[in-house]
Amino acid sequence: MNLRRATPHFCLLALLAACTSEQRSDVGTGGGAETSELTGSTSAATGTSAGSSGSAGGGGSGGSGDVPPREPEEIPVLEDIVFYDGYAATVDEPIPDGVIRHNNSLVATRLTDELLAKVQTTLKVRVVVGARCDNYDRLGSVNLALAPKGAQTYVPGAVDRIEVARFVTPFMNMNRQPTTVPYEWEASNLVPILRDPDLLAEHDLWFELSIFGVPYAANDEVAGCAGRNDTQLGSLLLYTDSTREAQDFSVLLPLAIGEEFNNYAVGASDKVGTTRKTVSFELPADTQDAQLVLITSNHGANQGGEEYVRREHHVYVDGKLALQYKPGRTSCEPFRKYNTQSNGIYGPSPRSDGEWQSFSNWCPGDVIDTRIVAWGAVSAGMHEFVIDVPDATFVGGQGNFPFSLYVQAQ
């Protein structure tokens with residue numbers, strides 16, 4: 001089946017610029033990974049905690065007959081890209097061939113035919129962040145952009161984009177080991193996008209890597225960082241194999257990428273004073289199976305800020321509760337080793353699980369989960385997605401829950 005994009009009507013309503021550049025430099029991102037304590041079975045949260053190992057896929061050969069499966073492969077996409085002060089004018093520093101710098105915290109590269117031919121039936125996305133002159137926790141993401149065929153560049157806000165993965169950097173001092181932190185996400189749902197011939201005939205696909213950062217604190221606190229504006233190193237890799245059959249989706253509807261979601265800014269929710277966001281969209285045809293892919297994370301580092309209070313998140317599809325989750329890991333201790341700069345999150349001694357769960361929606365150095373909400377067979381026509389966090393307060397009119405969403409269907 002052919003993969004179809006949302007019509008321009010939906011894209012114009014849904015696609016907004018990523019909000020990572022709006023974080024205040026003096027408080028860091030205050031963001032982090034979240035694994036839900038789910039109340040139902042309608043969602044799978046994907047992502048592997050930094051530093052842990054994982055094998056790709058599972059179950060099934062993904063092949064047929066006597067044809068042997070292809071060897072697993074790790075594909076470098078972006079290697080050791082230097083990121084710079086996210087508040088400063090875009091630098092004119094060297095960048096590898098084939099990579100474009102949209103701004104100091106966002107780079108992109110077009111996926112070549114050779115690279116796409118290597119994609120098998122499963123996919124993992126891997127990111128490695130290296131320490132430079134930013135010693136705070138910051139927000140990063142991997143996006144996939146659908147740009148005009150043959151274009152040498154594009155304007156991110158003018159093309160369809162989906163957020164593939166989100167993560168938070170640790171507090172890192174570049175003079176202390178370890179100086180890198182790894183992240184990994186299960187992303188096999190991207191395979192039908194990357195392999196769709198009709199989509200590829202009309203568009204080039206670009207992977208984007210975004211890491212927001214500022215060097216101001218490190219300029220004073222980290223030896224060797226005085227006067228520098230480089231903030232992090234970033235690499236992006238794909239791991240692919242044929243351990244199970246590829247998913248079959250033929251419709252892609254990008255609905256939101258990094259949208260503001262809070263209760264105090266006009267347009268960031270259904271109305272000021274509520275943390276409820278409604279997205280209406282149209283399916284072009286009846287579908288045998290559909291799913292929604294959702295990413296949220298809780299930010300707000302002020303006193304009593306939203307990143308310090310765990311909230312129940314409710315997701316409704318066409319008026320029915322489809323998912324309920326509360327962000328936050330059981331413990332952030334596995335990421336202590338990456339937090340080499342002293343900070344207010346990791347004290348001098350380990351915390352108990354209960355202590356971590358009393359305040360942390362995230363762990364510096366961890367992934368943020370990509371939540372896949374199963375939807376099933378759905379009729380063509382208009383539909384409604386709602387996310388509601390009724391207890392959120394956003395003390396002092398600060399904080400945000402950056403919100404990304406897209407639909408896949410067959």
# chains A, B, ... in the order shown; residues from 1 in each chain; ligands from 1

call {"tool": "residues_around", "arguments": {"residues": "Val168 in chain A", "least_positions_apart": "2", "cutoff": "6 Å", "atoms": "only C-alpha atoms", "output": "tab-separated table (two decimals) with all heavy atoms, in the first residue's frame"}}
result
chain	number	residue	atom	x	y	z
A	32	GLY	N	13.52	15.21	31.48
A	32	GLY	CA	14.12	13.90	31.61
A	32	GLY	C	13.22	12.82	31.13
A	32	GLY	O	12.13	13.05	30.65
A	138	ARG	N	20.19	19.02	29.53
A	138	ARG	CA	19.52	19.69	28.40
A	138	ARG	C	18.66	18.70	27.62
A	138	ARG	O	18.87	17.50	27.65
A	138	ARG	CB	20.54	20.31	27.46
A	138	ARG	CG	21.57	21.21	28.13
A	138	ARG	CD	20.96	22.47	28.70
A	138	ARG	NE	21.99	23.33	29.27
A	138	ARG	CZ	21.75	24.43	29.95
A	138	ARG	NH1	20.51	24.84	30.18
A	138	ARG	NH2	22.75	25.16	30.43
A	139	LEU	N	17.73	19.26	26.88
A	139	LEU	CA	16.80	18.45	26.10
A	139	LEU	C	17.32	18.23	24.69
A	139	LEU	O	17.85	19.15	24.06
A	139	LEU	CB	15.45	19.17	26.04
A	139	LEU	CG	14.23	18.38	25.59
A	139	LEU	CD1	13.97	17.21	26.51
A	139	LEU	CD2	13.01	19.29	25.52
A	140	GLY	N	17.19	17.01	24.19
A	140	GLY	CA	17.58	16.68	22.83
A	140	GLY	C	16.52	15.82	22.16
A	140	GLY	O	15.65	15.24	22.83
A	364	PRO	N	18.50	12.85	34.48
A	364	PRO	CA	19.50	13.39	33.57
A	364	PRO	C	20.39	12.26	33.04
A	364	PRO	O	20.97	11.50	33.80
A	364	PRO	CB	20.30	14.36	34.45
A	364	PRO	CG	19.39	14.71	35.56
A	364	PRO	CD	18.60	13.47	35.83
A	365	GLY	N	20.46	12.14	31.72
A	365	GLY	CA	21.21	11.06	31.09
A	365	GLY	C	20.35	9.91	30.61
A	365	GLY	O	20.88	8.90	30.13
A	366	ASP	N	19.03	10.05	30.67
A	366	ASP	CA	18.12	8.96	30.31
A	366	ASP	C	17.29	9.34	29.08
A	366	ASP	O	17.19	10.51	28.71
A	366	ASP	CB	17.18	8.69	31.49
A	366	ASP	CG	16.42	7.39	31.37
A	366	ASP	OD1	16.70	6.60	30.45
A	366	ASP	OD2	15.51	7.17	32.20

call {"tool": "closest_atom_pairs", "arguments": {"of": "range 229-324 of chain A", "to": "range 181-186 of chain A", "cutoff": "10 Å", "atoms": "only C-alpha atoms", "output": "CSV"}}
result
residue,atom,partner,partner_atom,distance
A:Gly234,CA,A:Val181,CA,9.9
A:Ser235,CA,A:Pro182,CA,9.5
A:Leu236,CA,A:Tyr183,CA,9.7
A:Leu237,CA,A:Glu184,CA,9.4
A:Leu238,CA,A:Glu184,CA,9.4
A:Tyr239,CA,A:Glu186,CA,9.5

call {"tool": "write_last_selection", "arguments": {"atoms": "N, CA, C and O atoms", "output": "compact mmCIF listing (two decimals), in the first residue's frame"}}
result
# COMPACT_ATOMS: atom_id res chain seq x y z
N GLY A 234 27.44 15.19 19.29
CA GLY A 234 26.33 14.28 19.10
C GLY A 234 26.54 13.35 17.92
O GLY A 234 27.00 13.78 16.85
N SER A 235 26.22 12.07 18.12
CA SER A 235 26.25 11.08 17.04
C SER A 235 24.92 10.35 17.00
O SER A 235 24.28 10.14 18.03
N LEU A 236 24.50 9.98 15.79
CA LEU A 236 23.24 9.27 15.57
C LEU A 236 23.53 8.03 14.74
O LEU A 236 24.19 8.11 13.70
N LEU A 237 23.04 6.88 15.22
CA LEU A 237 23.24 5.61 14.53
C LEU A 237 21.92 4.86 14.46
O LEU A 237 21.02 5.07 15.28
N LEU A 238 21.82 3.96 13.50
CA LEU A 238 20.68 3.06 13.39
C LEU A 238 21.18 1.63 13.53
O LEU A 238 22.24 1.27 12.99
N TYR A 239 20.42 0.80 14.23
CA TYR A 239 20.70 -0.63 14.28
C TYR A 239 19.52 -1.34 13.65
O TYR A 239 18.36 -1.10 14.01

call {"tool": "residues_around", "arguments": {"residues": "Arg110 in chain A", "least_positions_apart": "2", "cutoff": "7 Å", "atoms": "only C-alpha atoms", "output": "PDB file with C-alpha atoms, in the first residue's frame"}}
result
ATOM      1  CA  ALA A 108      20.188  17.331   9.605  1.00  0.00           C
ATOM      2  CA  THR A 112      20.815   8.376   0.828  1.00  0.00           C
ATOM      3  CA  ASP A 204      13.697  12.983   0.537  1.00  0.00           C
ATOM      4  CA  LEU A 205      13.879  11.863   4.143  1.00  0.00           C
ATOM      5  CA  TRP A 206      16.214  13.728   6.484  1.00  0.00           C
ATOM      6  CA  PHE A 207      17.189  12.699   9.985  1.00  0.00           C
TER       7      PHE A 207
END

call {"tool": "select_by_dssp", "arguments": {"residues": "range 297-378 of chain A", "states": "alpha helix (DSSP H)", "output": "list of chain:residue names"}}
result
A:Asp353, A:Gly354, A:Glu355, A:Trp356, A:Gln357

call {"tool": "write_last_selection", "arguments": {"atoms": "N, CA, C and O atoms", "output": "compact mmCIF listing (two decimals), in the first residue's frame"}}
result
# COMPACT_ATOMS: atom_id res chain seq x y z
N ASP A 353 14.70 4.27 46.24
CA ASP A 353 13.68 4.33 45.19
C ASP A 353 12.55 5.28 45.59
O ASP A 353 12.05 6.05 44.77
N GLY A 354 12.15 5.22 46.85
CA GLY A 354 11.08 6.09 47.30
C GLY A 354 11.44 7.56 47.20
O GLY A 354 10.59 8.40 46.84
N GLU A 355 12.69 7.89 47.51
CA GLU A 355 13.12 9.28 47.39
C GLU A 355 13.09 9.74 45.94
O GLU A 355 12.61 10.85 45.65
N TRP A 356 13.56 8.90 45.03
CA TRP A 356 13.51 9.29 43.61
C TRP A 356 12.06 9.47 43.16
O TRP A 356 11.72 10.41 42.44
N GLN A 357 11.21 8.58 43.58
CA GLN A 357 9.83 8.62 43.12
C GLN A 357 9.04 9.76 43.75
O GLN A 357 7.95 10.10 43.27

call {"tool": "residues_around", "arguments": {"residues": "Gly227 in chain A", "least_positions_apart": "3", "cutoff": "12 Å", "atoms": "only C-alpha atoms", "output": "PyMOL selection string"}}
result
chain A and resi 85+133+215-224+230-231

call {"tool": "residues_around", "arguments": {"residues": "Glu307 in chain A", "least_positions_apart": "5", "cutoff": "6 Å", "atoms": "only C-alpha atoms", "output": "CSV table (one decimal) with N, CA, C and O atoms, in the first residue's frame"}}
result
chain,number,residue,atom,x,y,z
A,298,ASN,N,8.0,16.4,31.1
A,298,ASN,CA,7.6,17.5,32.1
A,298,ASN,C,8.7,18.4,32.5
A,298,ASN,O,9.8,17.9,32.9
A,299,HIS,N,8.6,19.7,32.3
A,299,HIS,CA,9.7,20.6,32.5
A,299,HIS,C,9.2,21.8,33.4
A,299,HIS,O,8.0,22.1,33.3
A,300,GLY,N,10.1,22.4,34.1
A,300,GLY,CA,9.8,23.5,35.0
A,300,GLY,C,10.6,23.4,36.2
A,300,GLY,O,10.3,22.7,37.2
A,361,ASN,N,10.4,13.3,37.6
A,361,ASN,CA,9.7,12.9,36.4
A,361,ASN,C,10.7,12.4,35.4
A,361,ASN,O,10.3,12.0,34.3

call {"tool": "closest_residue", "arguments": {"among": "A:Leu123, A:Val99, A:Val214, A:Ala201", "to": "Gly86 in chain A", "atoms": "only C-alpha atoms"}}
result
A:Val214

call {"tool": "select_by_dssp", "arguments": {"residues": "range 47-151 of chain A", "states": "strand (DSSP E or B)", "output": "JSON, numbers by chain"}}
result
{"A": [48, 73, 74, 75, 76, 77, 78, 79, 80, 81, 82, 83, 84, 99, 100, 101, 102, 103, 106, 107, 108, 109, 110, 122, 123, 124, 125, 126, 127, 128, 129, 130, 131, 139, 140, 141, 142, 143, 144, 145, 146, 147, 148]}

call {"tool": "closest_residue", "arguments": {"among": "A:Glu333, A:Asp318, A:Asp289, A:Glu312", "to": "Asp388 in chain A", "atoms": "only C-alpha atoms"}}
result
A:Glu312

call {"tool": "residues_around", "arguments": {"residues": "Arg70 in chain A", "least_positions_apart": "5", "cutoff": "9 Å", "atoms": "only C-alpha atoms", "output": "number ranges by chain"}}
result
A: 120, 241-242

call {"tool": "write_last_selection", "arguments": {"atoms": "N, CA, C and O atoms", "output": "short mmCIF file (atom, residue, chain, number, x, y, z; two decimals), in the first residue's frame"}}
result
data_model
loop_
_atom_site.label_atom_id
_atom_site.label_comp_id
_atom_site.auth_asym_id
_atom_site.auth_seq_id
_atom_site.Cartn_x
_atom_site.Cartn_y
_atom_site.Cartn_z
N GLN A 120 16.53 -3.01 7.33
CA GLN A 120 15.89 -4.32 7.26
C GLN A 120 14.48 -4.24 7.85
O GLN A 120 13.76 -3.28 7.58
N ASP A 241 18.01 -5.20 11.87
CA ASP A 241 18.18 -6.62 11.58
C ASP A 241 16.87 -7.18 11.05
O ASP A 241 15.92 -6.43 10.77
N SER A 242 16.81 -8.51 10.89
CA SER A 242 15.64 -9.17 10.31
C SER A 242 15.09 -10.23 11.24
O SER A 242 14.61 -11.27 10.81
#

call {"tool": "atom_distance", "arguments": {"atom1": "CA of Arg132 in chain A", "atom2": "CA of Arg166 in chain A"}}
result
19.8 Å

call {"tool": "closest_residue", "arguments": {"among": "A:Thr370, A:Thr278, A:Ser352, A:Asn339", "to": "Gln177 in chain A", "atoms": "only C-alpha atoms"}}
result
A:Asn339

call {"tool": "residues_around", "arguments": {"residues": "range 189-192 of chain A", "least_positions_apart": "4", "cutoff": "9 Å", "atoms": "only C-alpha atoms", "output": "list in words"}}
result
Leu3, Val119, Gln120, Thr121, Thr122, Leu123, Val164, Asp196, Ala246, Gln247, Asp248, Phe249, Ser250 and Gln408 of chain A

call {"tool": "closest_residue", "arguments": {"among": "A:Ile257, A:Ile193, A:Ile211, A:Ile368", "to": "Asn104 in chain A", "atoms": "only C-alpha atoms"}}
result
A:Ile211

call {"tool": "closest_residue", "arguments": {"among": "A:Pro156, A:Gly150, A:Pro402, A:Pro69", "to": "His102 in chain A", "atoms": "only C-alpha atoms"}}
result
A:Pro156

call {"tool": "closest_residue", "arguments": {"among": "A:Met174, A:Ala322, A:Ala392, A:Thr240", "to": "Ile75 in chain A", "atoms": "only C-alpha atoms"}}
result
A:Thr240
